[in-house]
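**Q** Got a structure for you, questions after.
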Amino acid sequence: MIQQITKPFKYFFKLEAASGLVLLFAAILALIISNGQFSDIYFSSLEKYIILGTKEFGLKLSVLHWINDVLMAIFFFFVSLEIKREFLQGELSNPKQAMLPIIGAVGGMAVPALIYIMINYSDSTTLNGWAIPSATDIAFSLGVLSLLGKRVPISLKVFLTALAIIDDLGAIVIIAFFYSGNIEIKYLILILVSVILLVGLNKFKVKSFIPFLVVGVFLWDFTHQSGIHATIAGVLLALTIPHNIKNNKESMLLKLEHSLSPYVAFGIMPVFAFANAGVSLEGLTFKTLLNPVPLGIVLGLFFGKQIGVFVLSYISIKLKFADKPTGSTWPALYAVSILTGIGFTMSLFVGNLAFANNLEYMDGVKIGVLTGSLMSTLFGYFLLLIFSKK
């Protein structure tokens, strides 16, 4: 029974651990190029527009928006498939097992947001970035754990994976409700019709993904034009994909999840990292980090995440609302809580949404996310190295 429960986590962990290294390489490459002789080409290329179709009837987006709106819609589709599977059949399907990562995730989202708000409360513009330090990057955080091998019990890896997945769910809700533009009612109606069609395909047990994909493409376009961020279309599509719990071999959800995994892990996420991690470091000083936006993000990611995750996890275990991960110690659990401060992918994504109309703050967002994530990586790793079993 235990092997069946942990099997998908072992597969997921191996994949995400490897992709974490690719993400790191993409981020470093972006920083090198954006501060070298090709920096102008790097930034100007991201601003170039690409048209799919014709000028009269087609989609015209900048390279950066193709990545952040289209490719990330696929990423959110994949993440939502994982979330749905976990709630139906995985670790999160058992209330007792799910309680600890759920409580930890709530603390890990709330405390960083409060820290950011405390620092930026006097400026309504910068205050809009309150959700940036609330996210956890699954690939990077699990990549750090992979460096320690069997020194870290599988229970802690499961805890971190489940917590990061719930973090992603929280990010989806935040994006849908707080980072959408002016809503167009006619497109909302078309979104509703599309979702009804998708639910119908599910109810009639359509076994081919093609009809789901066709409706999903229209759903993306309607969402893109509605004022709701286009990535939410990926979430809605994933929620309607059928999953056969009794026979996993016939599950469309699992087939899609396994098929998309390598493309998301080694394609979409590194491309996103390369396009969004580039920032000019010219003139960067320690004083730069004291500006409200980067300071709120750094303190939120490094202090807020570890405080929120560990304190609420500790309280829930002591009050017997949840069980401590098997074979783990309090210091090891605390070290893993620090690793949840590796925000990177999702933090950068939320930052792009928060300051879409105030791009002058984006350099501060990138500096804050990179610094906070780096600090969480180093401190979390070395604490685990000290406290985990050999």
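Residue numbers start at 1 in each chain; chains themselves are named A, B, ... in the order of the structure tokens; ligands are numbered from 1 in the order shown.
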Would you pick out the contacts of segment 299-303 of chain A at 8 Å or less, using only C-alpha atoms, so that residues sharing its chain but fewer than 2 positions from it are not included, and give the list as a short mmCIF file (atom, residue, chain, number, x, y, z; two decimals) with N, CA and C atoms, in the first residue's frame?
**A**
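Output saved as part_5.cif:
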```
data_model
loop_
_atom_site.label_atom_id
_atom_site.label_comp_id
_atom_site.auth_asym_id
_atom_site.auth_seq_id
_atom_site.Cartn_x
_atom_site.Cartn_y
_atom_site.Cartn_z
N VAL A 111 2.13 34.18 5.52
CA VAL A 111 3.16 34.95 6.22
C VAL A 111 4.03 35.77 5.25
N PRO A 112 4.51 35.19 4.13
CA PRO A 112 5.29 36.02 3.18
C PRO A 112 4.49 37.19 2.63
N ALA A 113 3.20 36.95 2.36
CA ALA A 113 2.36 38.03 1.86
C ALA A 113 2.23 39.14 2.89
N ILE A 115 4.39 39.90 5.28
CA ILE A 115 5.67 40.60 5.38
C ILE A 115 5.82 41.60 4.24
N TYR A 116 5.49 41.17 3.03
CA TYR A 116 5.58 42.07 1.88
C TYR A 116 4.64 43.27 2.06
N PRO A 133 6.08 36.62 -3.14
CA PRO A 133 6.90 35.71 -2.32
C PRO A 133 6.14 34.52 -1.75
N SER A 134 4.90 34.31 -2.19
CA SER A 134 4.08 33.24 -1.61
C SER A 134 4.24 31.90 -2.31
N LEU A 295 13.07 44.15 -1.25
CA LEU A 295 13.19 43.85 0.18
C LEU A 295 11.99 43.00 0.64
N GLY A 296 10.79 43.38 0.21
CA GLY A 296 9.59 42.62 0.59
C GLY A 296 9.65 41.20 0.08
N ILE A 297 10.18 41.03 -1.14
CA ILE A 297 10.27 39.69 -1.74
C ILE A 297 11.33 38.84 -1.04
N LYS A 305 8.46 32.36 4.32
CA LYS A 305 8.12 30.98 3.97
C LYS A 305 8.49 30.01 5.08
N GLN A 306 9.71 30.14 5.60
CA GLN A 306 10.14 29.18 6.63
C GLN A 306 9.35 29.33 7.92
N ILE A 307 9.04 30.58 8.27
CA ILE A 307 8.26 30.82 9.49
C ILE A 307 6.84 30.28 9.31
N ILE A 338 12.68 25.86 4.99
CA ILE A 338 13.50 26.92 4.40
C ILE A 338 13.52 26.77 2.87
N THR A 340 11.25 25.84 0.95
CA THR A 340 10.01 26.33 0.32
C THR A 340 10.14 27.80 -0.08
N GLY A 341 11.20 28.46 0.40
CA GLY A 341 11.44 29.85 0.02
C GLY A 341 12.08 29.99 -1.35
N ILE A 342 12.32 28.86 -2.03
CA ILE A 342 12.81 28.93 -3.41
C ILE A 342 11.60 29.19 -4.30
N GLY A 343 11.37 30.44 -4.62
CA GLY A 343 10.16 30.80 -5.37
C GLY A 343 10.33 30.72 -6.87
N VAL A 369 13.56 38.02 -6.21
CA VAL A 369 13.27 36.59 -6.34
C VAL A 369 14.55 35.78 -6.40
N GLY A 372 16.30 36.00 -2.80
CA GLY A 372 15.55 35.23 -1.79
C GLY A 372 15.63 33.73 -2.05
N SER A 373 15.54 33.34 -3.32
CA SER A 373 15.61 31.92 -3.67
C SER A 373 17.01 31.36 -3.42
N MET A 375 19.26 32.48 -1.21
CA MET A 375 19.46 32.38 0.24
C MET A 375 18.76 31.15 0.80
N SER A 376 17.54 30.90 0.35
CA SER A 376 16.78 29.73 0.81
C SER A 376 17.46 28.44 0.39
#
```
**Q** Check which residues of segment 164-223 of chain A sit at most 9 Å from segment 241-259 of chain A using only C-alpha atoms, and return one row each with the closest pair of atoms and their distance in Å to one decimal, ordered by chain and rising number, as a Markdown table.
**A**
```
| residue | atom | partner | partner_atom | distance |
| --- | --- | --- | --- | --- |
| A:Leu198 | CA | A:Ile241 | CA | 8.1 |
| A:Val199 | CA | A:Ile241 | CA | 8.4 |
| A:Leu201 | CA | A:Ile241 | CA | 8.8 |
| A:Asn202 | CA | A:Pro242 | CA | 5.8 |
| A:Lys203 | CA | A:Pro242 | CA | 8.5 |
| A:Lys205 | CA | A:Pro242 | CA | 7.6 |
| A:Val206 | CA | A:Pro242 | CA | 8.7 |
| A:Lys207 | CA | A:Met252 | CA | 7.3 |
| A:Ser208 | CA | A:Met252 | CA | 8.2 |
| A:Phe209 | CA | A:Met252 | CA | 7.5 |
| A:Phe212 | CA | A:Ile241 | CA | 7.9 |
```
**Q** From the list A:Ser347, A:Ile50, A:Glu184, A:Phe204, which residue is nearest Phe222 of chain A when using only C-alpha atoms?
**A** A:Glu184
**Q** Which residues of segment 147-255 of chain A come within 12 Å of segment 324-330 of chain A, and for each one, what is the closest pair of atoms and their distance in Å to one decimal, counting only C-alpha atoms, sorted by chain and residue number, as a tab-separated table?
**A**
```
residue	atom	partner	partner_atom	distance
A:Lys150	CA	A:Gly327	CA	11.9
A:Arg151	CA	A:Ser328	CA	10.4
A:Val152	CA	A:Ser328	CA	8.1
A:Pro153	CA	A:Gly327	CA	6.4
A:Ile154	CA	A:Thr326	CA	8.4
A:Ser155	CA	A:Pro325	CA	5.3
A:Leu156	CA	A:Pro325	CA	6.1
A:Lys157	CA	A:Pro325	CA	9.4
A:Val158	CA	A:Pro325	CA	8.7
A:Phe159	CA	A:Pro325	CA	7.3
A:Leu160	CA	A:Pro325	CA	10.4
```
**Q** Of the candidates A:Leu100, A:Leu359, A:Leu61, A:Leu147, which shows the shortest atom-to-atom distance to Lys318 of chain A, using only C-alpha atoms?
**A**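 Counting only C-alpha atoms, the residue closest to Lys318 of chain A is A:Leu100.
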**Q** If we count only C-alpha atoms, what is near Leu281 of chain A at a cut-off of 12 Å, once residues fewer than 3 positions away on the same chain are taken out, given as a list in words?
**A**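 Once the adjacent positions are removed, what remains is Ala30, Leu31, Ile32, Ile33, Ser34, Asn35, Gly36, Ser39, Ala277, Gly278, Leu284, Thr285, Phe286, Thr288, Leu289, Asp363, Gly364, Lys366, Ile367 and Leu370 of chain A.
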**Q** Can you work out which one of A:Gly200, A:Gly90, A:Pro294, A:Pro95 has the shortest atom-to-atom distance to Ala162 of chain A, counting only C-alpha atoms?
**A**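 Nearest candidate to Ala162 of chain A out of A:Gly200, A:Gly90, A:Pro294, A:Pro95: A:Gly90.
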**Q** Could you tell me which of A:Pro331, A:Gly304, A:Pro292, A:Gly267 comes closest to Ile119 of chain A if we count only C-alpha atoms?
**A**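 With only C-alpha atoms as the atom set, the closest residue is A:Pro292.
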**Q** What is the distance between atom CA of Phe77 of chain A and atom CA of Val217 of chain A, in Å to one decimal?
**A** 12.1 Å
**Q** Mind listing the helix (DSSP H, G or I) residues of segment 23-201 of chain A, per DSSP on the backbone, as a PyMOL selection string?
**A** chain A and resi 23-34+39-47+63-88+91-93+95-120+126-129+132-134+138-146+149-151+154-178+185-201
**Q** Please, what distance in Å, to one decimal, runs between atom CA of Leu260 of chain A and atom CA of Ala18 of chain A?
**A**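 So the two atoms, atom CA of Leu260 of chain A and atom CA of Ala18 of chain A, lie 15.3 Å apart.
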**Q** Excluding Asn182 of chain A and its own-chain neighbours fewer than 3 positions away, which residues fall within 9 Å of it when counting only C-alpha atoms? Please give them as a count of residues only.
**A** 3
**Q** Please determine, counting only C-alpha atoms, which residue among A:Ile210, A:Leu142, A:Ile28, A:Ile175 has the shortest atom-to-atom distance to Thr377 of chain A.
**A**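 That would be A:Leu142, the residue with the smallest distance to Thr377 of chain A.
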**Q** Residues at most 10 Å from segment 233-236 of chain A, counting only C-alpha atoms, excluding those fewer than 5 positions away in the same chain, as a tab-separated table (two decimals) with C-alpha atoms, in the first residue's frame?
**A**
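What follows is the written file part.tsv:
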```tsv
chain	number	residue	atom	x	y	z
A	70	VAL	CA	0.75	30.38	-24.32
A	71	LEU	CA	3.54	28.12	-23.07
A	72	MET	CA	2.65	28.83	-19.43
A	73	ALA	CA	-0.98	27.89	-20.17
A	74	ILE	CA	0.38	24.44	-21.04
A	75	PHE	CA	2.44	24.51	-17.83
A	76	PHE	CA	-0.67	25.34	-15.79
A	77	PHE	CA	-2.57	22.59	-17.62
A	78	PHE	CA	0.11	20.11	-16.57
A	79	VAL	CA	0.23	21.37	-12.97
A	80	SER	CA	-3.57	21.18	-12.71
A	81	LEU	CA	-3.52	17.59	-13.97
A	83	ILE	CA	-3.30	18.60	-8.58
A	84	LYS	CA	-6.43	16.78	-9.76
A	169	LEU	CA	-3.16	25.71	-6.47
A	172	ILE	CA	-3.86	29.70	-9.54
A	191	ILE	CA	-15.82	30.42	-21.53
A	194	SER	CA	-16.63	25.88	-23.60
A	195	VAL	CA	-16.42	24.40	-20.10
A	198	LEU	CA	-15.67	19.87	-22.02
A	216	GLY	CA	-9.39	23.92	-25.22
A	217	VAL	CA	-7.83	26.08	-27.96
A	218	PHE	CA	-11.06	28.09	-28.27
A	219	LEU	CA	-11.25	28.24	-24.46
A	220	TRP	CA	-7.73	29.73	-24.35
A	221	ASP	CA	-8.66	32.40	-26.90
A	222	PHE	CA	-11.88	33.32	-25.07
A	223	THR	CA	-10.00	33.50	-21.75
A	224	HIS	CA	-7.23	35.58	-23.32
A	228	ILE	CA	-8.89	36.75	-17.09
A	241	ILE	CA	-9.90	15.64	-18.28
```
**Q** Contacts of Ile138 of chain A at 8 Å or less, counting only C-alpha atoms, minus same-chain residues fewer than 4 places along, as a compact mmCIF listing (two decimals) with N, CA and C atoms, in the first residue's frame?
**A**
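Now in around.txt:
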```
# COMPACT_ATOMS: atom_id res chain seq x y z
N GLU A 16 11.68 16.05 -11.55
CA GLU A 16 11.84 17.44 -11.14
C GLU A 16 13.25 17.73 -10.65
N LEU A 142 13.00 20.57 -5.06
CA LEU A 142 13.25 19.13 -5.08
C LEU A 142 14.63 18.82 -5.65
N THR A 161 6.79 18.03 -1.92
CA THR A 161 6.09 17.95 -3.20
C THR A 161 4.63 18.34 -3.05
N ALA A 164 4.25 22.06 -2.29
CA ALA A 164 4.48 22.89 -3.48
C ALA A 164 3.31 22.82 -4.45
N ILE A 165 2.68 21.64 -4.55
CA ILE A 165 1.51 21.49 -5.41
C ILE A 165 0.35 22.33 -4.89
```
**Q** One decimal, in Å: what's the spacing between atom CA of Ala356 of chain A and atom CA of Tyr179 of chain A?
**A** 9.5 Å
**Q** Go through A:Leu192, A:Leu23, A:Ala176, A:Ile41 and flag the residue nearest Ile268 of chain A, using only C-alpha atoms for the distances.
**A**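 Closest candidate: A:Leu23.
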